[in-house]
Every structure is written in C-alpha cells, then in structure tokens.
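Only one structure is covered here, and it is reproduced in the block below.
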Amino acid sequence: MQIPRLRLPRLSLGGPGARLTVLYVGYTTVLFVVFLLITFPHDILVRRLLSSVGTAGRDIEFSSVNFAWWKGYQIDGLRVGSPAADGDAPVFEVSHFWIRPAVSQLVRGNPYAVQVSADLYGGSADGDVSMKNGVLGGTLQWRGLSLNRYPMLTALLEEGQLAGRFSGAVSFETRLANPSSGQAAGEISIDGAGVTAAKWAGFTVPDVSLKQTRVKFKLSPGRLEVQELTASGDISVQASGQINLKEPLPQSVLSLRATILQTATTPDALKAALALIPHAPGAKLDAPVNIAGTLGSPRFR
C-alpha cells in the first residue's frame, strides 16, 4: 500500500501578512532582549565573578550595578580596601565605573579585551585592558584627579590642607597565576600642588606651592622606582631613587637622592626650613641630599 505524500503549507514572505508576522516577531524579540537587560540581576553576576577570580586579599564593595547601554556595565560606589562598615579609608574608590567589550579586539578573535572608564576623585580615567595566554595587560590614563580627595594621601598630614590636580598614564602587565609579580611604568604630572598650614610627622610644614611636578616611574613587586622627579614653583626639586613599599603605606622605606633649591618666589618660612636640611661638611647649598627613613617619617642626611 502506497502511503500518500504529505504536503506541508509553503511559507511565503512575499505577502503583506507574512511581512507583518516577521516584523512582529522581530519587534517582540527586541522587546524581550531590552526587558531582559533591564531586569537581569547584574549585581549578583558581578559578585559571583569577583568571588570566583579572587581579590588579592582586598575587600571589594559596590553599591549597585546597571546596564548603561553605550558604556556597557556601570558599577556605582566601587570601593577597594577595608569594608565601609569598618570606617577605614579605602585604598581605591570610584564614584562611577564603566566597562564594555573592546570591539576592535573582539573582531580579531580576542573576547577578553575591554575598555574601561571612570569618574573618581573629581576627575576621570579611561583605558584598555586585555587578557591573552594568561597575561593581563593594558594602558590607563587619568585626568584632573584632586589630591585632597584621596584619603590615604591626606592621612599623611596630621593637620592642614593639600591641593593639586593629578594626571598621567601607565602601562602594566601581570600574570594571572601570580598577580603580585606584575610590573608597571608610566609618567604623572601634578598641577598646582601645595600644602597649607600642614603638619607632617610632628613637624610644622611651611606653606609651599608648586606650579608643576612631573614624575617618571617604574613599579615592580614591593618597589617603586622614581626614575626622574622635577618640580618648579616656590622651590625647585630634582630627585630620583626608590621606595620600598610596605603596608601600611606610611611605613614604606625611602631611598632617594634630591637637589632642593630656592627660587625667586620662595617665602621666608620655607627658606628657613630649607636651611635646616643637613648637608655634608663644606658642601654647597645646592649639593644633593639623601632622603631616608619612611614615607611617614622621612629623614635627611
């Protein structure tokens, strides 16, 4: 017995009804994706991601996570360091942080490349970060960060006010298997740096204002190498050396060599302070001096 052949109805996209159906399906799909992005629990996803990759012994907190469309994920109130409940100053704090895939790397087959941007300490930052063959690297730039908004820096002063705008760029690279072995190099500049009515390590610091300060540096595990430091303003400074990094930061050990000179705008109080800097017997006032001790309690010799 021959089985009759089944004839299925043919779908034609040429008619107006079919076109409306396709448009309706497309419209419904777009709405579904939009509402999924809006209602998706992004914060839970980010918390699980942080717990899975580890945080190098640092607590990471944030207030909320949202999908910011053109900017990708938006993380608000990002805080790295001690939990906010402890009342300690964070090592790093960001008002708004955005992260999205780097399309230029994505089309080249690297899905682990992202572009980041942030609002922090009264300024902004952006950069590119990528991971390949177990190596995490990238470049970051920041502009106009306010020094007096960084708690770990202002904590070095017992009294007084700190001023200045901090900008710069850095490139870095580290292996994910051993993040503490990472290295970085870059250059920073500070415009309008100065201190007013300050006390540092028990000593009164004369008011000083610097028009511009530039630093070239290299960062390796446990050490910050100051390749070149120049400053101009109420005083002129040229310095180089290294800082052995410790925790807490004020315990970092200094090994610097600097030349500190008066300028035409040096105030009398600052001149008197510069005269107290010890020099070798018979050395001129413009002779270099060594800076030792710690970041919280430096010593000239």
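Naming works like this for the structure tokens: A, B, ... for the chains as they're shown, residue 1 at the start of each chain, ligands 1 onward in shown order.
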Determine, counting only C-alpha atoms, which protein, DNA and RNA residues have an atom within 7 Å of an atom of A:Ala118; residues of the same chain fewer than 5 positions away are not included. Present the result as a PDB file with C-alpha atoms, in the first residue's frame.
```pdb
ATOM      1  CA  VAL A  94      35.383  55.180  42.281  1.00  0.00           C
ATOM      2  CA  HIS A  96      31.126  55.504  38.661  1.00  0.00           C
ATOM      3  CA  PHE A  97      32.922  52.758  36.732  1.00  0.00           C
ATOM      4  CA  TRP A  98      32.036  51.565  33.221  1.00  0.00           C
ATOM      5  CA  SER A 124      38.147  60.981  35.075  1.00  0.00           C
ATOM      6  CA  ALA A 125      40.033  57.966  33.749  1.00  0.00           C
ATOM      7  CA  ASP A 126      39.880  55.579  30.806  1.00  0.00           C
TER       8      ASP A 126
END
```
Where in stretch 13-245 of chain A does DSSP assign helix (DSSP H, G or I), given as a ChimeraX atom specification? /A:16-39,42-53,69-71,84-86,103-106,147-149,151-154
Neighbour list for A:Val205 as a ChimeraX atom specification, cut-off 9 Å, only C-alpha atoms, skip fewer than 6 positions in-chain: /A:195-199,270,273
In Å, rounded to a single decimal, give me how far atom CA of A:Val114 is from atom CA of A:Thr29.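 That distance, rounded to one decimal, is 26.9 Å.
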What lies within 10 Å of A:Ser255 using only C-alpha atoms, ignoring chain neighbours under 5 positions off, as a JSON list (two decimals) with N, CA and C atoms, in the first residue's frame?
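part.json, written as the output of this step:
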```
[["chain", "number", "residue", "atom", "x", "y", "z"],
["A", 225, "GLU", "N", 60.27, 52.59, 41.70],
["A", 225, "GLU", "CA", 61.50, 53.25, 41.26],
["A", 225, "GLU", "C", 61.16, 54.62, 40.68],
["A", 226, "VAL", "N", 61.65, 55.67, 41.31],
["A", 226, "VAL", "CA", 61.46, 57.03, 40.84],
["A", 226, "VAL", "C", 62.62, 57.33, 39.88],
["A", 240, "SER", "N", 65.62, 61.40, 42.38],
["A", 240, "SER", "CA", 65.50, 60.06, 41.84],
["A", 240, "SER", "C", 65.80, 59.08, 42.97],
["A", 241, "GLY", "N", 65.50, 57.81, 42.74],
["A", 241, "GLY", "CA", 65.74, 56.80, 43.76],
["A", 241, "GLY", "C", 64.64, 55.76, 43.77],
["A", 242, "GLN", "N", 64.40, 55.18, 44.94],
["A", 242, "GLN", "CA", 63.38, 54.15, 45.03],
["A", 242, "GLN", "C", 62.70, 54.19, 46.39],
["A", 243, "ILE", "N", 61.50, 53.60, 46.40],
["A", 243, "ILE", "CA", 60.72, 53.48, 47.63],
["A", 243, "ILE", "C", 60.32, 52.01, 47.76],
["A", 244, "ASN", "N", 60.73, 51.38, 48.85],
["A", 244, "ASN", "CA", 60.33, 50.01, 49.14],
["A", 244, "ASN", "C", 58.95, 50.04, 49.79],
["A", 290, "ASN", "N", 70.50, 63.07, 50.68],
["A", 290, "ASN", "CA", 69.85, 61.76, 50.71],
["A", 290, "ASN", "C", 68.62, 61.83, 51.59],
["A", 291, "ILE", "N", 67.55, 61.20, 51.14],
["A", 291, "ILE", "CA", 66.31, 61.15, 51.91],
["A", 291, "ILE", "C", 66.07, 59.69, 52.28],
["A", 292, "ALA", "N", 66.11, 59.39, 53.58],
["A", 292, "ALA", "CA", 65.92, 58.03, 54.08],
["A", 292, "ALA", "C", 64.73, 58.01, 55.03],
["A", 293, "GLY", "N", 64.65, 56.98, 55.85],
["A", 293, "GLY", "CA", 63.52, 56.85, 56.76],
["A", 293, "GLY", "C", 62.33, 56.22, 56.06],
["A", 294, "THR", "N", 61.14, 56.61, 56.50],
["A", 294, "THR", "CA", 59.91, 56.08, 55.92],
["A", 294, "THR", "C", 59.09, 57.22, 55.33],
["A", 298, "PRO", "N", 60.21, 60.80, 57.21],
["A", 298, "PRO", "CA", 61.43, 60.88, 56.41],
["A", 298, "PRO", "C", 62.57, 61.53, 57.18]]
```
